[in-house]
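Each remark here refers to the structure printed beneath this line.
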Amino acid sequence: MERPTPTLDYRKKNKKRGGTSLWQDAFRRFIRNKYAILGLVILTFMVLFAFIGPYFSPHQDVPDVTKANQPPSNEHWLGTDNLGRDVLLRLMLAGRISLTIGIAATLILLLIGVTLGSISGYYGGWLDVIIMRIADIIYAMPGLPILIVMGAIMSDLKIPPAHRIYYVMFILGIISWVGVARLVRSQILSLKEQEFMLATEVLGLKDSKKIIKHLFPNVLPTVIVAGTLGVASSIISESTLSFLGLGVVPPTPSWGYMLSAANNMIDFAKRPWLWIPPGVAIMLTVVAINFIGDALRDAFDPRQKI
Amino acid sequence: MSEPLIEVKNLKKYFPIRGGILQRTIGYVKAVDGVTFTINKGETLSLVGESGCGKSTVGRTIIRLYDKTDGEVFYKSIPIHNLKKNELRKLRPKMQLVFQDPFSSLNPRLRVGDAIGEALLDHGLISRNELRDKVIETMEICGLAPYHVDRYPHEFSGGQRQRIGIARALILDPEFIVLDEPVSSLDVSIQAQIINLLMDLQQQKGLTYLFISHDLSVVEHISTRVAVMYLGNIVEMASRDELFDHPLHPYTQALLSAVPIPDPDLKRERIILEGDIPSPANPPKGCKFHTRCPLAKDICREQVPEYKDVGGGHFVACHLV
């Protein structure tokens, strides 16, 4: 019986299908996703806005009460706040803090959550029991009192305001790794029962290969989704912390702080330039990161077409 | 032809039952409770029995996917359960397993070509340059087209996936393959294709199979010898023709009488067994089958029947034979 000659020579790597790795395919799917590109563009813009933008501002971030509470004008595009500082400049400076905290806190929570969750799920036994009971304890403690206590400790230790931002990242990371650890653990537990993991044992694959090629790619989507949600919630939690006076301290601005500084009736009703810009900035950043996260998750799913 | 490739001696596999707050062991499921048999080079030994009788556990314990509780398994006189981890890894390619479920046995995020070839590369049995040719060659042997190599598992049907599973085992050039109900999740026409593929491969490469199944018509087609399991023990073992023509154990007789025959006019006596298979955590005393055996006598309730040779390699464990 003769097989019809294939139109492509499959003995060579099929160029049309890309390389052989999931990563190359994922990259291809990612850059073809409109939302992903939109998200990347917005996020890049926000980063440039926050980190490069201030150098182009003609203003200084110093109070000038003679110009307090001015509406947007040619000189102050987004108006001034109650101390006469340029809102646009403060928005840019605040972006540095909020973006750094959002991303760094997420990396910390992912690092702790994924590591502990994987150990718990993969090895099980008493390690699993200990890690999960610690997670239960942290989960059971209400977040706000912990934050207040930690903030009080920081004040008591006279930690300089410039360093507080690093502690804020750690606090946010440490109280929120629990959810990720549980997600990763349950994912690994269910993967371990799949026959393809048993098959890797029958084939006699090395442990490193089992983890890198079989376990990790199947846990990745969960981690990506948890990570994107983490960035958004960290940016917002930071504003809670700042509102309680536990996060970054004035005069250092953050988006969350700018929002909460405008929480009185007069500012809310009469001076929308104080709270609309930071609100929009948070929203754009969170939406952009969610787009990127969704696109990444789809990109690593081989069921999606290229 | 009759040199033994696999020797199983009094193999036992108990799974602990944990309970209470401290998760202490409060009992054991005696999934495999002392089985002894040999598999000769080039033959197909079939293992049949009801669900939950320990067939799959035997298959998995033989290749040490599970650690034994007691007994020993020899592969070419090598005691498999005494090997160190790295020694076992070296031996892995020689003993392969084809899984029952073609859907969960393939990683959804790994291309088929990689899934088939990765173990060969990992064991250093081939260079990266030659790998792709070898993968495609093996896929063609198993009835897959070369252009399937870059696809993902979800793009295949159940039968094709089972061929991938077979190719994944076959590429390592094994001597012994455990086929754990390889066709029970496929529809009948595909079953025939896969069975014929397996039989062709056996002829070409001199493979030895342990074929685990509950489908007696498939077993009759593929086997050299057949072993019947009940509740963790082998109750009867004989060559295929001997077992199907002269079953001695009442359980075997009941199983055979339940095989459907495609002839509506044929009237025959079916032996209907009463009750369910007892729990393997708390098996009956004496002969484990006495609770359901239509011929049970007093001795069956008290003494465990001896597993004896009644001539011509026909083994049976029953007081009445």
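Lettering and numbering for the structure tokens are positional, with chains as A, B, ... in the shown order, residues counted from 1 in each chain, and ligands counted from 1 in the shown order.
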(message) With only C-alpha atoms as the counted atoms, please give the residues lying no more than 12 Å from Phe27 of chain A, apart from itself and same-chain residues fewer than 2 positions off, as a list in words.
(response)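 Returned residues: Gly18, Gly19, Ser21, Leu22, Trp23, Gln24, Asp25, Arg29, Phe30, Ile31, Arg32, Asn33, Ala36, Ile37, Ala295, Leu296, Arg297, Asp298, Ala299, Phe300, Asp301, Pro302 and Ile306 of chain A.
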(request) Compute the chain A side of the contact with chain B at 7 Å, counting only C-alpha atoms, and hand it back as a PyMOL selection string. (result) chain A and resi 10-11+194-196+199+202-205+214+217+302-303
(request) Write out as a list of chain:residue names the residues lying within 8 Å of Gly71 of chain B, counting only C-alpha atoms and excluding same-chain residues fewer than 6 positions away. (result)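 Counting only the stated atoms, we get B:Val8, B:Lys9, B:Asn10, B:Leu11, B:Lys12, B:Gly34.
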How would the residues just chosen look if you wrote them out with all heavy atoms as an mmCIF file, in the first residue's frame?
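Wrote result_26.cif, looks like this:
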```
data_model
loop_
_atom_site.group_PDB
_atom_site.id
_atom_site.type_symbol
_atom_site.label_atom_id
_atom_site.label_comp_id
_atom_site.auth_asym_id
_atom_site.auth_seq_id
_atom_site.Cartn_x
_atom_site.Cartn_y
_atom_site.Cartn_z
ATOM 1 N N VAL B 8 7.203 -14.287 38.344
ATOM 2 C CA VAL B 8 6.557 -13.624 39.475
ATOM 3 C C VAL B 8 6.364 -14.673 40.554
ATOM 4 O O VAL B 8 5.783 -15.730 40.290
ATOM 5 C CB VAL B 8 5.201 -13.022 39.055
ATOM 6 C CG1 VAL B 8 4.548 -12.323 40.222
ATOM 7 C CG2 VAL B 8 5.382 -12.062 37.901
ATOM 8 N N LYS B 9 6.892 -14.406 41.731
ATOM 9 C CA LYS B 9 6.812 -15.394 42.801
ATOM 10 C C LYS B 9 6.079 -14.843 43.998
ATOM 11 O O LYS B 9 6.571 -13.944 44.668
ATOM 12 C CB LYS B 9 8.219 -15.846 43.208
ATOM 13 C CG LYS B 9 8.834 -16.733 42.137
ATOM 14 C CD LYS B 9 10.121 -17.353 42.570
ATOM 15 C CE LYS B 9 10.634 -18.240 41.445
ATOM 16 N NZ LYS B 9 12.076 -18.386 41.457
ATOM 17 N N ASN B 10 4.912 -15.382 44.248
ATOM 18 C CA ASN B 10 4.137 -15.051 45.440
ATOM 19 C C ASN B 10 4.021 -13.541 45.679
ATOM 20 O O ASN B 10 4.179 -13.054 46.786
ATOM 21 C CB ASN B 10 4.771 -15.738 46.666
ATOM 22 C CG ASN B 10 3.784 -15.791 47.818
ATOM 23 O OD1 ASN B 10 2.576 -15.841 47.602
ATOM 24 N ND2 ASN B 10 4.294 -15.769 49.037
ATOM 25 N N LEU B 11 3.767 -12.812 44.613
ATOM 26 C CA LEU B 11 3.726 -11.347 44.688
ATOM 27 C C LEU B 11 2.501 -10.863 45.460
ATOM 28 O O LEU B 11 1.385 -11.328 45.240
ATOM 29 C CB LEU B 11 3.693 -10.760 43.273
ATOM 30 C CG LEU B 11 3.759 -9.241 43.172
ATOM 31 C CD1 LEU B 11 5.132 -8.739 43.572
ATOM 32 C CD2 LEU B 11 3.427 -8.785 41.766
ATOM 33 N N LYS B 12 2.751 -9.941 46.393
ATOM 34 C CA LYS B 12 1.646 -9.351 47.150
ATOM 35 C C LYS B 12 1.746 -7.842 47.085
ATOM 36 O O LYS B 12 2.834 -7.282 47.133
ATOM 37 C CB LYS B 12 1.716 -9.781 48.626
ATOM 38 C CG LYS B 12 1.400 -11.245 48.827
ATOM 39 C CD LYS B 12 1.422 -11.614 50.289
ATOM 40 C CE LYS B 12 1.191 -13.110 50.414
ATOM 41 N NZ LYS B 12 1.355 -13.590 51.774
ATOM 42 N N GLY B 34 -0.672 -12.634 46.690
ATOM 43 C CA GLY B 34 0.109 -13.845 46.444
ATOM 44 C C GLY B 34 -0.182 -14.468 45.084
ATOM 45 O O GLY B 34 -0.956 -15.409 44.997
#
```
(message) For the strand (DSSP E or B) assignment from backbone DSSP, which residues of segment 161-224 of chain B qualify? Please present them as a ChimeraX atom specification.
(response) /B:176-180,208-213
(message) as a PyMOL selection string, please: the residues near Leu91 of chain A (cut-off 8 Å, only C-alpha atoms, same-chain neighbours under 4 positions excluded).
(response) chain A and resi 50+87+95+253-255+277-278
Just to be explicit: take each residue in the selection above, keep N, CA and C atoms, and write the result as an mmCIF file, in the first residue's frame.
```
data_model
loop_
_atom_site.group_PDB
_atom_site.id
_atom_site.type_symbol
_atom_site.label_atom_id
_atom_site.label_comp_id
_atom_site.auth_asym_id
_atom_site.auth_seq_id
_atom_site.Cartn_x
_atom_site.Cartn_y
_atom_site.Cartn_z
ATOM 1 N N ALA A 50 5.650 56.967 33.865
ATOM 2 C CA ALA A 50 6.043 57.088 35.263
ATOM 3 C C ALA A 50 7.542 57.308 35.419
ATOM 4 N N VAL A 87 -0.623 68.195 39.539
ATOM 5 C CA VAL A 87 -1.192 66.843 39.627
ATOM 6 C C VAL A 87 -0.558 65.905 38.594
ATOM 7 N N GLY A 95 3.129 56.871 39.865
ATOM 8 C CA GLY A 95 3.191 55.663 39.036
ATOM 9 C C GLY A 95 4.419 54.830 39.342
ATOM 10 N N PRO A 253 4.102 60.334 46.690
ATOM 11 C CA PRO A 253 2.759 60.008 46.227
ATOM 12 C C PRO A 253 2.667 58.565 45.688
ATOM 13 N N SER A 254 1.489 57.980 45.793
ATOM 14 C CA SER A 254 1.203 56.749 45.048
ATOM 15 C C SER A 254 -0.216 56.899 44.530
ATOM 16 N N TRP A 255 -0.587 56.112 43.529
ATOM 17 C CA TRP A 255 -1.923 56.285 42.942
ATOM 18 C C TRP A 255 -3.000 56.071 43.990
ATOM 19 N N PRO A 277 -7.652 61.321 37.437
ATOM 20 C CA PRO A 277 -6.400 60.811 36.837
ATOM 21 C C PRO A 277 -5.811 59.570 37.521
ATOM 22 N N PRO A 278 -5.657 59.556 38.863
ATOM 23 C CA PRO A 278 -5.103 58.321 39.443
ATOM 24 C C PRO A 278 -6.030 57.127 39.247
#
```
(request) Work out how far atom CA of Glu306 of chain B is from atom CA of Glu7 of chain B, in Å to one decimal. (result) 19.5 Å
(request) Would you mind listing what lies within 10 Å of segment 75-84 of chain A as a ChimeraX atom specification, with only C-alpha atoms counted and same-chain residues fewer than 4 positions away left out? (result) /A:58-59,61-71,88-91,258,261-262,267,271-274,276-277
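Non-sequential neighbours of segment 181-192 of chain A (distance at most 6 Å, separation of 4 or more positions within a chain, only C-alpha atoms) are A:Gly113, A:Val114, A:Gly117, A:Ser118, A:Gly121, A:Met197.
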Would you export the selected residues with all heavy atoms as a PDB file, in the first residue's frame, please?
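Result saved to out-v6.pdb:
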```pdb
ATOM      1  N   GLY A 113       4.399  31.589  46.923  1.00  0.00           N
ATOM      2  CA  GLY A 113       3.227  30.748  46.704  1.00  0.00           C
ATOM      3  C   GLY A 113       3.527  29.546  45.829  1.00  0.00           C
ATOM      4  O   GLY A 113       3.157  28.417  46.155  1.00  0.00           O
ATOM      5  N   VAL A 114       4.215  29.778  44.699  1.00  0.00           N
ATOM      6  CA  VAL A 114       4.486  28.665  43.781  1.00  0.00           C
ATOM      7  C   VAL A 114       5.453  27.673  44.419  1.00  0.00           C
ATOM      8  O   VAL A 114       5.253  26.453  44.341  1.00  0.00           O
ATOM      9  CB  VAL A 114       5.044  29.198  42.438  1.00  0.00           C
ATOM     10  CG1 VAL A 114       5.511  28.065  41.555  1.00  0.00           C
ATOM     11  CG2 VAL A 114       3.980  30.003  41.723  1.00  0.00           C
ATOM     12  N   GLY A 117       3.572  25.897  47.327  1.00  0.00           N
ATOM     13  CA  GLY A 117       2.492  25.096  46.758  1.00  0.00           C
ATOM     14  C   GLY A 117       3.018  23.864  46.031  1.00  0.00           C
ATOM     15  O   GLY A 117       2.471  22.773  46.154  1.00  0.00           O
ATOM     16  N   SER A 118       4.107  24.035  45.279  1.00  0.00           N
ATOM     17  CA  SER A 118       4.670  22.895  44.543  1.00  0.00           C
ATOM     18  C   SER A 118       5.221  21.853  45.502  1.00  0.00           C
ATOM     19  O   SER A 118       4.985  20.649  45.332  1.00  0.00           O
ATOM     20  CB  SER A 118       5.813  23.323  43.623  1.00  0.00           C
ATOM     21  OG  SER A 118       5.501  24.496  42.965  1.00  0.00           O
ATOM     22  N   GLY A 121       2.321  20.058  47.127  1.00  0.00           N
ATOM     23  CA  GLY A 121       1.602  19.138  46.251  1.00  0.00           C
ATOM     24  C   GLY A 121       2.450  17.968  45.788  1.00  0.00           C
ATOM     25  O   GLY A 121       1.992  16.835  45.719  1.00  0.00           O
ATOM     26  N   MET A 197       1.652  11.407  33.926  1.00  0.00           N
ATOM     27  CA  MET A 197       2.733  11.517  34.907  1.00  0.00           C
ATOM     28  C   MET A 197       3.241  10.121  35.293  1.00  0.00           C
ATOM     29  O   MET A 197       4.426   9.913  35.511  1.00  0.00           O
ATOM     30  CB  MET A 197       2.254  12.256  36.155  1.00  0.00           C
ATOM     31  CG  MET A 197       2.101  13.758  35.982  1.00  0.00           C
ATOM     32  SD  MET A 197       3.523  14.599  35.257  1.00  0.00           S
ATOM     33  CE  MET A 197       4.754  14.384  36.528  1.00  0.00           C
TER      34      MET A 197
END
```
Residue contacts of Gly256 of chain A (7 Å, only C-alpha atoms) excluding same-chain residues fewer than 5 positions away, as a CSV table (one decimal) with all heavy atoms, in the first residue's frame:
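Once written, around.csv looks like this:
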```
chain,number,residue,atom,x,y,z
A,236,ILE,N,-4.1,47.9,44.5
A,236,ILE,CA,-5.2,48.4,45.3
A,236,ILE,C,-4.9,48.3,46.8
A,236,ILE,O,-5.2,49.2,47.5
A,236,ILE,CB,-6.5,47.7,44.8
A,236,ILE,CG1,-6.8,48.2,43.4
A,236,ILE,CG2,-7.6,48.0,45.7
A,236,ILE,CD1,-7.8,47.4,42.6
A,238,GLU,N,-2.1,48.5,48.2
A,238,GLU,CA,-1.2,49.5,48.6
A,238,GLU,C,-1.9,50.8,48.9
A,238,GLU,O,-1.5,51.5,49.9
A,238,GLU,CB,-0.2,49.8,47.4
A,238,GLU,CG,0.9,50.7,47.7
A,238,GLU,CD,0.5,52.2,47.5
A,238,GLU,OE1,-0.3,52.5,46.6
A,238,GLU,OE2,0.9,53.0,48.3
A,239,SER,N,-3.0,51.1,48.2
A,239,SER,CA,-3.8,52.3,48.5
A,239,SER,C,-4.4,52.2,49.8
A,239,SER,O,-4.5,53.2,50.6
A,239,SER,CB,-4.8,52.6,47.4
A,239,SER,OG,-5.8,51.7,47.4
A,242,SER,N,-1.7,52.9,52.3
A,242,SER,CA,-1.4,54.3,52.3
A,242,SER,C,-2.5,55.1,53.1
A,242,SER,O,-2.2,56.0,53.8
A,242,SER,CB,-1.3,54.8,50.9
A,242,SER,OG,-0.3,54.1,50.3
```
(message) Would you compute the distance between atom CA of Phe56 of chain A and atom CA of Asp86 of chain A? Give it in Å to one decimal.
(response)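 Computing it gives 13.0 Å between the two atoms.
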